[in-house]
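**Q** My questions will all concern the structure given below.
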Amino acid sequence: MKAIHLHGRGGPDRLVYEDAPQPHPGSGEVLVRVHATSIIATELTWDETYQTAAGNPRSRPIPGHDVSGIVEEVGPGVTTLARGSEVYALTAFDRDGAEAEYTIALPNELASKPRSLDHVQAAAVPLSALTAWQALFEHASLGAGQTVFIHGAAGGVGVFAVQLARWAGAHIIATASARHHEFLHELGATQIIDYTTQRFEELVQHVDLVFDLVGGDTLKQSWKVVKPGGVLVSVVSPRPSFEEAKAHDVRPVWFVVEPNREQLTHIGALIDAGHIRPFLAGVFPLSQARQAYEQALRGHMQGKLVLRIGDG
Ligand SMILES: NC(=O)c1ccc[n+]([C@@H]2O[C@H](COP(=O)([O-])OP(=O)(O)OC[C@H]3O[C@@H](n4cnc5c(N)ncnc54)[C@H](OP(=O)(O)O)[C@@H]3O)[C@@H](O)[C@H]2O)c1
C-alpha cells in the first residue's frame, strides 16, 4: 500500500510518501480501508509519535490518527463490526496511523460515520470534536445558562467547542482574529474579541469556564476572568500552574484527548441532526501530506486540513 512514513524526528521535511506493508488485523483488531484522514500538525513533536506505549523506539511511524473509511476485515474475536461498515475514529497515538491506504483500529475506537457527511468531511471530526466534547462536558460539566470563554475559537477544535456549547445552551465568548468574527457569530458566539487589537482581560469577567486552545500569555491572563469556583481547561502545553489556580480559586484541568466510540456516536448523531458540522480549511491528496503539514503549521485556519486517500 502507499503511506506516509516519518523518517526520523523533525518537521514536515521528514515525511515521505512511499510503499509500506499492508497491516493485517490481529485478535481484537479491525482493518480499515482509509478514505480520508486529517492533519494534526503538532503530532510531529509528540514523544508518542516516535515511541511505543512501552517506551521503545518506533521505526518509520505512520502519522494521522483521525480516520474515516470502510471496514475491510475484522480480526478474530471482533463481533461488533462487519466488513463494509462505514466508520470514523480517533485512533491511539502510539500506533501507526491513517496516512495510508489501510490502518488498524480497535472496536472501541470506531463509530458509525455520520450519514450526512462524506469521508473527507467525516475525517475532520474525531480528534477535534472529541477534544471539545471532553473539555466542555466531561471535564467541566458545562450546562445551559453558563458562560464559556473559548480562546482560538476558529481553529480545528474551536469550531466544535463553539457549536457544542451553543447546543448545550451556554453563552459563548470567543477570541479570534477579525477575519473570523462573522463566521464565529454565525456559529453561536455572542461576544468575539480580536486578540490582535484588544486585551480580553479588560473586557471579560466572571465566566464559568475558560477553554484555552492557545496557551502562553493567553493562559496566564485567563485566571482573572474566571469567577471564583469556576474552571479553566487547557489542552496546550505546558500545563496550567496549580499555584495560579489556587490563588484565583479556579479549578485547573489539563488533559490529552482519548479515543471514545460512545462520544463519537453521540457527536455523529448531533451532526446528522444538523446541530454541529465540520469545517474544512483545505483538502490535499495523500501524496501531498508534506504541503498540508506546512500549511497547518502556519496556523490561522478556519477548521481542519484533510488528506484524501484513494477514492475517498
Ligand atoms: N491535549 C490535547 O488532547 C489536544 C487536542 C487537540 C488540540 N490540542 C492543541 O490545542 C491547540 C489548538 O488546536 P487546533 O487544532 O484547534 O489548532 P488550530 O486549528 O491551529 O487553531 C488555533 C486557532 O487559534 C487562533 N489563535 C492563534 N493565536 C491566538 C491567540 N493569541 N489568541 C486567540 N486565538 C489565537 C488561530 O486563529 P486566528 O486566525 O484567529 O489567529 C487558530 O484558528 C493546539 O496547540 C493543539 O496542539 C491539544
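Chain labels follow the order of the C-alpha cells: the first chain is A, the next B, and so on; residue numbering restarts at 1 in every chain, and ligands are counted from 1 in their shown order.
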Name the residues in contact with A:Val71 at a cut-off of 12 Å, using only C-alpha atoms, excluding same-chain residues fewer than 2 positions from it; report them as a ChimeraX atom specification.
**A** /A:25,29-35,67-69,73-75,78,80-89,102-107,110-113
**Q** Taking only C-alpha atoms and all ligand atoms into account, which residues are within 7 Å of ligand 1, as a PDB file with N, CA and C atoms, in the first residue's frame?
**A**
ATOM      1  N   ILE A  40      -3.011  16.659  12.051  1.00  0.00           N
ATOM      2  CA  ILE A  40      -2.818  17.077  13.440  1.00  0.00           C
ATOM      3  C   ILE A  40      -1.385  17.620  13.477  1.00  0.00           C
ATOM      4  N   THR A  42       0.644  19.282  15.362  1.00  0.00           N
ATOM      5  CA  THR A  42       1.591  19.149  16.478  1.00  0.00           C
ATOM      6  C   THR A  42       2.048  17.707  16.691  1.00  0.00           C
ATOM      7  N   LEU A 127     -10.769  13.835  16.298  1.00  0.00           N
ATOM      8  CA  LEU A 127      -9.889  14.419  17.324  1.00  0.00           C
ATOM      9  C   LEU A 127     -10.423  15.758  17.812  1.00  0.00           C
ATOM     10  N   SER A 128     -10.839  16.609  16.892  1.00  0.00           N
ATOM     11  CA  SER A 128     -11.244  17.967  17.274  1.00  0.00           C
ATOM     12  C   SER A 128     -12.546  17.953  18.063  1.00  0.00           C
ATOM     13  N   THR A 131     -12.043  16.348  21.506  1.00  0.00           N
ATOM     14  CA  THR A 131     -11.337  17.252  22.424  1.00  0.00           C
ATOM     15  C   THR A 131     -12.318  18.271  22.994  1.00  0.00           C
ATOM     16  N   HIS A 151     -10.766  30.406  23.770  1.00  0.00           N
ATOM     17  CA  HIS A 151      -9.628  31.039  23.078  1.00  0.00           C
ATOM     18  C   HIS A 151      -9.246  30.218  21.852  1.00  0.00           C
ATOM     19  N   GLY A 152      -9.013  30.892  20.721  1.00  0.00           N
ATOM     20  CA  GLY A 152      -8.649  30.177  19.488  1.00  0.00           C
ATOM     21  C   GLY A 152      -9.872  29.499  18.900  1.00  0.00           C
ATOM     22  N   ALA A 153     -11.003  30.223  18.902  1.00  0.00           N
ATOM     23  CA  ALA A 153     -12.300  29.603  18.621  1.00  0.00           C
ATOM     24  C   ALA A 153     -12.522  29.243  17.158  1.00  0.00           C
ATOM     25  N   ALA A 154     -11.726  29.763  16.244  1.00  0.00           N
ATOM     26  CA  ALA A 154     -11.986  29.480  14.822  1.00  0.00           C
ATOM     27  C   ALA A 154     -11.170  28.299  14.298  1.00  0.00           C
ATOM     28  N   GLY A 155     -10.332  27.705  15.135  1.00  0.00           N
ATOM     29  CA  GLY A 155      -9.458  26.627  14.673  1.00  0.00           C
ATOM     30  C   GLY A 155     -10.153  25.276  14.689  1.00  0.00           C
ATOM     31  N   GLY A 156      -9.338  24.227  14.517  1.00  0.00           N
ATOM     32  CA  GLY A 156      -9.881  22.876  14.404  1.00  0.00           C
ATOM     33  C   GLY A 156     -10.767  22.494  15.572  1.00  0.00           C
ATOM     34  N   VAL A 157     -10.279  22.668  16.799  1.00  0.00           N
ATOM     35  CA  VAL A 157     -11.053  22.306  17.993  1.00  0.00           C
ATOM     36  C   VAL A 157     -12.112  23.375  18.283  1.00  0.00           C
ATOM     37  N   GLY A 158     -11.723  24.636  18.103  1.00  0.00           N
ATOM     38  CA  GLY A 158     -12.597  25.757  18.480  1.00  0.00           C
ATOM     39  C   GLY A 158     -13.949  25.723  17.791  1.00  0.00           C
ATOM     40  N   THR A 175     -12.253  34.343  21.453  1.00  0.00           N
ATOM     41  CA  THR A 175     -11.192  35.163  20.869  1.00  0.00           C
ATOM     42  C   THR A 175     -10.814  34.579  19.507  1.00  0.00           C
ATOM     43  N   ALA A 176     -10.548  35.485  18.574  1.00  0.00           N
ATOM     44  CA  ALA A 176     -10.106  35.106  17.225  1.00  0.00           C
ATOM     45  C   ALA A 176      -9.685  36.391  16.533  1.00  0.00           C
ATOM     46  N   SER A 177      -8.907  36.268  15.466  1.00  0.00           N
ATOM     47  CA  SER A 177      -8.581  37.475  14.701  1.00  0.00           C
ATOM     48  C   SER A 177      -9.820  37.913  13.912  1.00  0.00           C
ATOM     49  N   HIS A 180     -12.302  36.145  11.333  1.00  0.00           N
ATOM     50  CA  HIS A 180     -13.173  35.017  11.705  1.00  0.00           C
ATOM     51  C   HIS A 180     -14.445  35.458  12.430  1.00  0.00           C
ATOM     52  N   TYR A 195      -8.067  39.260  19.385  1.00  0.00           N
ATOM     53  CA  TYR A 195      -6.901  39.205  20.271  1.00  0.00           C
ATOM     54  C   TYR A 195      -5.719  39.992  19.727  1.00  0.00           C
ATOM     55  N   LEU A 213      -7.217  27.157  23.986  1.00  0.00           N
ATOM     56  CA  LEU A 213      -6.619  26.435  22.862  1.00  0.00           C
ATOM     57  C   LEU A 213      -5.392  27.173  22.340  1.00  0.00           C
ATOM     58  N   VAL A 214      -4.838  28.065  23.173  1.00  0.00           N
ATOM     59  CA  VAL A 214      -3.725  28.911  22.721  1.00  0.00           C
ATOM     60  C   VAL A 214      -2.495  28.782  23.638  1.00  0.00           C
ATOM     61  N   THR A 218      -1.863  33.943  26.884  1.00  0.00           N
ATOM     62  CA  THR A 218      -3.340  33.845  26.872  1.00  0.00           C
ATOM     63  C   THR A 218      -3.805  33.065  28.101  1.00  0.00           C
ATOM     64  N   VAL A 235      -5.711  22.546  26.822  1.00  0.00           N
ATOM     65  CA  VAL A 235      -5.165  21.338  26.188  1.00  0.00           C
ATOM     66  C   VAL A 235      -3.812  21.639  25.561  1.00  0.00           C
ATOM     67  N   VAL A 236      -3.248  22.810  25.898  1.00  0.00           N
ATOM     68  CA  VAL A 236      -1.981  23.240  25.303  1.00  0.00           C
ATOM     69  C   VAL A 236      -0.879  23.126  26.351  1.00  0.00           C
ATOM     70  N   PHE A 255      -5.624  18.036  29.900  1.00  0.00           N
ATOM     71  CA  PHE A 255      -5.800  16.626  29.524  1.00  0.00           C
ATOM     72  C   PHE A 255      -5.382  16.406  28.074  1.00  0.00           C
ATOM     73  N   VAL A 256      -5.189  15.140  27.758  1.00  0.00           N
ATOM     74  CA  VAL A 256      -4.948  14.735  26.367  1.00  0.00           C
ATOM     75  C   VAL A 256      -6.182  13.955  25.921  1.00  0.00           C
ATOM     76  N   VAL A 257      -6.698  14.307  24.760  1.00  0.00           N
ATOM     77  CA  VAL A 257      -7.927  13.689  24.254  1.00  0.00           C
ATOM     78  C   VAL A 257      -7.745  12.171  24.121  1.00  0.00           C
ATOM     79  N   ALA A 296      -0.645  23.707   7.735  1.00  0.00           N
ATOM     80  CA  ALA A 296      -1.233  23.615   9.089  1.00  0.00           C
ATOM     81  C   ALA A 296      -0.329  24.297  10.112  1.00  0.00           C
ATOM     82  N   GLY A 299      -0.705  27.939  10.720  1.00  0.00           N
ATOM     83  CA  GLY A 299      -1.814  28.299  11.610  1.00  0.00           C
ATOM     84  C   GLY A 299      -2.840  29.220  10.985  1.00  0.00           C
ATOM     85  N   HIS A 300      -3.661  29.825  11.875  1.00  0.00           N
ATOM     86  CA  HIS A 300      -4.689  30.810  11.484  1.00  0.00           C
ATOM     87  C   HIS A 300      -5.725  30.243  10.515  1.00  0.00           C
ATOM     88  N   MET A 301      -6.030  28.957  10.670  1.00  0.00           N
ATOM     89  CA  MET A 301      -7.002  28.341   9.754  1.00  0.00           C
ATOM     90  C   MET A 301      -8.402  28.366  10.359  1.00  0.00           C
ATOM     91  N   GLN A 302      -9.389  28.175   9.481  1.00  0.00           N
ATOM     92  CA  GLN A 302     -10.773  28.006   9.925  1.00  0.00           C
ATOM     93  C   GLN A 302     -11.094  26.535   9.730  1.00  0.00           C
ATOM     94  N   GLY A 303     -11.076  25.747  10.814  1.00  0.00           N
ATOM     95  CA  GLY A 303     -11.339  24.318  10.698  1.00  0.00           C
ATOM     96  C   GLY A 303     -10.088  23.513  10.391  1.00  0.00           C
ATOM     97  N   LYS A 304     -10.243  22.392   9.676  1.00  0.00           N
ATOM     98  CA  LYS A 304      -9.170  21.405   9.530  1.00  0.00           C
ATOM     99  C   LYS A 304      -8.722  21.208   8.090  1.00  0.00           C
TER     100      LYS A 304
END
**Q** Suppose you want the space between atom CA of A:Thr196 and atom CA of A:Gln221; what is it in Å?
**A** 14.6 Å
**Q** Pick out each residue of stretch 184-291 of chain A that DSSP on the backbone tags as strand (DSSP E); I need them as a PyMOL selection string.
**A** chain A and resi 191-194+207-212+226-234+251-254+280-285
**Q** I'd like the neighbourhood of A:Ala161 as a VMD selection string, where a residue qualifies if any of its atoms comes within 8 Å (using only C-alpha atoms), though same-chain residues fewer than 2 positions away should be ignored.
**A** chain A and resid 129 132 to 133 136 150 153 157 to 159 163 to 165
**Q** Quick one: write out the picked residues with N, CA and C atoms as a tab-separated table (two decimals), in the first residue's frame?
**A**
chain	number	residue	atom	x	y	z
A	129	ALA	N	-13.53	17.21	17.57
A	129	ALA	CA	-14.82	17.20	18.27
A	129	ALA	C	-14.71	16.47	19.61
A	132	ALA	N	-13.15	18.84	22.13
A	132	ALA	CA	-14.12	19.83	22.59
A	132	ALA	C	-15.14	19.19	23.53
A	133	TRP	N	-15.63	18.02	23.16
A	133	TRP	CA	-16.64	17.31	23.99
A	133	TRP	C	-16.07	17.02	25.38
A	136	LEU	N	-15.54	20.33	27.46
A	136	LEU	CA	-16.75	21.05	27.92
A	136	LEU	C	-17.60	20.20	28.85
A	150	ILE	N	-13.94	30.88	25.01
A	150	ILE	CA	-13.11	29.96	24.21
A	150	ILE	C	-12.02	30.74	23.49
A	153	ALA	N	-11.00	30.22	18.90
A	153	ALA	CA	-12.30	29.60	18.62
A	153	ALA	C	-12.52	29.24	17.16
A	157	VAL	N	-10.28	22.67	16.80
A	157	VAL	CA	-11.05	22.31	17.99
A	157	VAL	C	-12.11	23.37	18.28
A	158	GLY	N	-11.72	24.64	18.10
A	158	GLY	CA	-12.60	25.76	18.48
A	158	GLY	C	-13.95	25.72	17.79
A	159	VAL	N	-13.98	25.38	16.50
A	159	VAL	CA	-15.28	25.40	15.79
A	159	VAL	C	-16.25	24.38	16.40
A	163	GLN	N	-19.81	25.26	18.65
A	163	GLN	CA	-21.09	24.65	18.26
A	163	GLN	C	-21.65	23.76	19.38
A	164	LEU	N	-20.77	23.02	20.07
A	164	LEU	CA	-21.26	22.16	21.16
A	164	LEU	C	-21.76	22.99	22.33
A	165	ALA	N	-21.06	24.10	22.61
A	165	ALA	CA	-21.51	24.97	23.71
A	165	ALA	C	-22.86	25.59	23.37
**Q** Please compute the atom CA of A:Val16-atom CA of A:Arg290 distance, one decimal, in Å.
**A**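 Going from atom CA of A:Val16 over to atom CA of A:Arg290, I get 7.9 Å.
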**Q** Please provide as a PyMOL selection string all residues within 9 Å of A:Arg58, with the sequence filter that same-chain residues fewer than 6 positions apart are discarded (counting only C-alpha atoms).
**A** chain A and resi 49-52+94-95
**Q** Let me make sure I understand: among A:Ala92, A:Thr79, A:Ala247, A:Ser38, which one has the smallest atom-to-atom distance to A:Ala53 if we use only C-alpha atoms?
**A**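 Ranked by minimum distance to A:Ala53, first place goes to A:Ala92.
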**Q** Run DSSP on the backbone and grab whatever in stretch 38-244 of chain A lands in alpha helix (DSSP H); send it over as a compact mmCIF listing (two decimals) with N, CA, C and O atoms, in the first residue's frame.
**A**
# COMPACT_ATOMS: atom_id res chain seq x y z
N HIS A 119 -16.64 10.96 3.43
CA HIS A 119 -15.46 10.58 4.23
C HIS A 119 -14.51 11.76 4.47
O HIS A 119 -13.91 11.88 5.54
N VAL A 120 -14.37 12.63 3.47
CA VAL A 120 -13.45 13.77 3.64
C VAL A 120 -13.96 14.69 4.76
O VAL A 120 -13.19 15.13 5.62
N GLN A 121 -15.25 14.95 4.78
CA GLN A 121 -15.82 15.78 5.85
C GLN A 121 -15.70 15.06 7.21
O GLN A 121 -15.36 15.66 8.22
N ALA A 122 -16.00 13.75 7.21
CA ALA A 122 -16.00 13.00 8.47
C ALA A 122 -14.61 12.94 9.10
O ALA A 122 -14.48 12.93 10.33
N PRO A 126 -13.15 13.57 14.31
CA PRO A 126 -12.92 12.85 15.57
C PRO A 126 -12.03 13.56 16.60
O PRO A 126 -12.50 13.86 17.71
N LEU A 127 -10.77 13.83 16.30
CA LEU A 127 -9.89 14.42 17.32
C LEU A 127 -10.42 15.76 17.81
O LEU A 127 -10.47 16.02 19.03
N SER A 128 -10.84 16.61 16.89
CA SER A 128 -11.24 17.97 17.27
C SER A 128 -12.55 17.95 18.06
O SER A 128 -12.66 18.61 19.11
N ALA A 129 -13.53 17.21 17.57
CA ALA A 129 -14.82 17.20 18.27
C ALA A 129 -14.71 16.47 19.61
O ALA A 129 -15.33 16.90 20.60
N LEU A 130 -13.92 15.39 19.66
CA LEU A 130 -13.75 14.69 20.95
C LEU A 130 -13.03 15.58 21.96
O LEU A 130 -13.36 15.58 23.15
N THR A 131 -12.04 16.35 21.51
CA THR A 131 -11.34 17.25 22.42
C THR A 131 -12.32 18.27 22.99
O THR A 131 -12.34 18.53 24.21
N ALA A 132 -13.15 18.84 22.13
CA ALA A 132 -14.12 19.83 22.59
C ALA A 132 -15.14 19.19 23.53
O ALA A 132 -15.46 19.73 24.59
N TRP A 133 -15.63 18.02 23.16
CA TRP A 133 -16.64 17.31 23.99
C TRP A 133 -16.07 17.02 25.38
O TRP A 133 -16.70 17.27 26.40
N GLY A 156 -9.34 24.23 14.52
CA GLY A 156 -9.88 22.88 14.40
C GLY A 156 -10.77 22.49 15.57
O GLY A 156 -11.90 22.02 15.39
N VAL A 157 -10.28 22.67 16.80
CA VAL A 157 -11.05 22.31 17.99
C VAL A 157 -12.11 23.37 18.28
O VAL A 157 -13.25 23.07 18.66
N GLY A 158 -11.72 24.64 18.10
CA GLY A 158 -12.60 25.76 18.48
C GLY A 158 -13.95 25.72 17.79
O GLY A 158 -14.98 25.97 18.42
N VAL A 159 -13.98 25.38 16.50
CA VAL A 159 -15.28 25.40 15.79
C VAL A 159 -16.25 24.38 16.40
O VAL A 159 -17.46 24.63 16.45
N PHE A 160 -15.72 23.26 16.88
CA PHE A 160 -16.60 22.29 17.54
C PHE A 160 -16.98 22.76 18.95
O PHE A 160 -18.10 22.57 19.40
N ALA A 161 -16.02 23.39 19.65
CA ALA A 161 -16.32 23.88 21.01
C ALA A 161 -17.46 24.90 20.96
O ALA A 161 -18.39 24.85 21.78
N VAL A 162 -17.39 25.82 20.00
CA VAL A 162 -18.44 26.85 19.90
C VAL A 162 -19.79 26.18 19.61
O VAL A 162 -20.80 26.47 20.26
N GLN A 163 -19.81 25.26 18.65
CA GLN A 163 -21.09 24.65 18.26
C GLN A 163 -21.65 23.76 19.38
O GLN A 163 -22.87 23.74 19.62
N LEU A 164 -20.77 23.02 20.07
CA LEU A 164 -21.26 22.16 21.16
C LEU A 164 -21.76 22.99 22.33
O LEU A 164 -22.76 22.65 22.97
N ALA A 165 -21.06 24.10 22.61
CA ALA A 165 -21.51 24.97 23.71
C ALA A 165 -22.86 25.59 23.37
O ALA A 165 -23.74 25.70 24.23
N ARG A 166 -23.05 25.97 22.10
CA ARG A 166 -24.35 26.52 21.70
C ARG A 166 -25.44 25.46 21.84
O ARG A 166 -26.52 25.72 22.37
N TRP A 167 -25.15 24.24 21.41
CA TRP A 167 -26.12 23.14 21.53
C TRP A 167 -26.49 22.90 23.00
O TRP A 167 -27.66 22.63 23.32
N HIS A 181 -14.61 36.77 12.69
CA HIS A 181 -15.67 37.18 13.60
C HIS A 181 -17.07 36.87 13.09
O HIS A 181 -17.92 36.36 13.83
N GLU A 182 -17.33 37.18 11.81
CA GLU A 182 -18.67 36.93 11.28
C GLU A 182 -18.97 35.42 11.32
O GLU A 182 -20.06 34.99 11.72
N PHE A 183 -17.98 34.63 10.94
CA PHE A 183 -18.10 33.17 10.96
C PHE A 183 -18.46 32.67 12.37
O PHE A 183 -19.39 31.89 12.56
N LEU A 184 -17.73 33.16 13.38
CA LEU A 184 -17.98 32.70 14.75
C LEU A 184 -19.32 33.18 15.28
O LEU A 184 -19.98 32.48 16.05
N HIS A 185 -19.71 34.36 14.86
CA HIS A 185 -21.02 34.88 15.24
C HIS A 185 -22.11 33.95 14.70
O HIS A 185 -23.04 33.57 15.42
N GLU A 186 -21.97 33.53 13.45
CA GLU A 186 -22.96 32.62 12.85
C GLU A 186 -22.96 31.27 13.56
O GLU A 186 -24.01 30.63 13.68
N LEU A 187 -21.80 30.84 14.06
CA LEU A 187 -21.75 29.55 14.77
C LEU A 187 -22.39 29.62 16.15
O LEU A 187 -22.72 28.60 16.73
N GLY A 216 0.39 29.88 26.68
CA GLY A 216 1.29 31.02 26.85
C GLY A 216 0.63 32.15 27.64
O GLY A 216 -0.01 31.93 28.66
N ASP A 217 0.82 33.40 27.14
CA ASP A 217 0.28 34.57 27.83
C ASP A 217 -1.25 34.53 27.90
O ASP A 217 -1.84 35.05 28.84
N THR A 218 -1.86 33.94 26.88
CA THR A 218 -3.34 33.85 26.87
C THR A 218 -3.81 33.06 28.10
O THR A 218 -4.74 33.48 28.80
N LEU A 219 -3.13 31.96 28.38
CA LEU A 219 -3.48 31.17 29.56
C LEU A 219 -3.20 31.98 30.83
O LEU A 219 -4.06 32.06 31.73
N LYS A 220 -2.04 32.63 30.88
CA LYS A 220 -1.65 33.40 32.09
C LYS A 220 -2.68 34.48 32.43
O LYS A 220 -2.99 34.72 33.59
N GLN A 221 -3.19 35.16 31.39
CA GLN A 221 -4.15 36.26 31.63
C GLN A 221 -5.57 35.76 31.87
O GLN A 221 -6.46 36.56 32.18
N SER A 222 -5.78 34.45 31.72
CA SER A 222 -7.15 33.93 31.78
C SER A 222 -7.64 33.67 33.20
O SER A 222 -8.86 33.62 33.43
N PHE A 242 -0.74 25.15 39.11
CA PHE A 242 -1.64 24.89 40.24
C PHE A 242 -1.63 26.06 41.22
O PHE A 242 -2.63 26.37 41.85
N GLU A 243 -0.46 26.75 41.36
CA GLU A 243 -0.37 27.88 42.28
C GLU A 243 -1.29 29.01 41.81
O GLU A 243 -2.03 29.58 42.59
N GLU A 244 -1.23 29.31 40.51
CA GLU A 244 -2.10 30.36 39.95
C GLU A 244 -3.56 29.98 40.16
O GLU A 244 -4.39 30.81 40.52
**Q** Using only C-alpha atoms, which protein or nucleic acid residues come within 12 Å of A:His206? Drop anything in the same chain fewer than 5 positions from it, and give the result as an MDAnalysis selection string.
**A** chainID A and resid 146:149 173 201 222:232 248:250
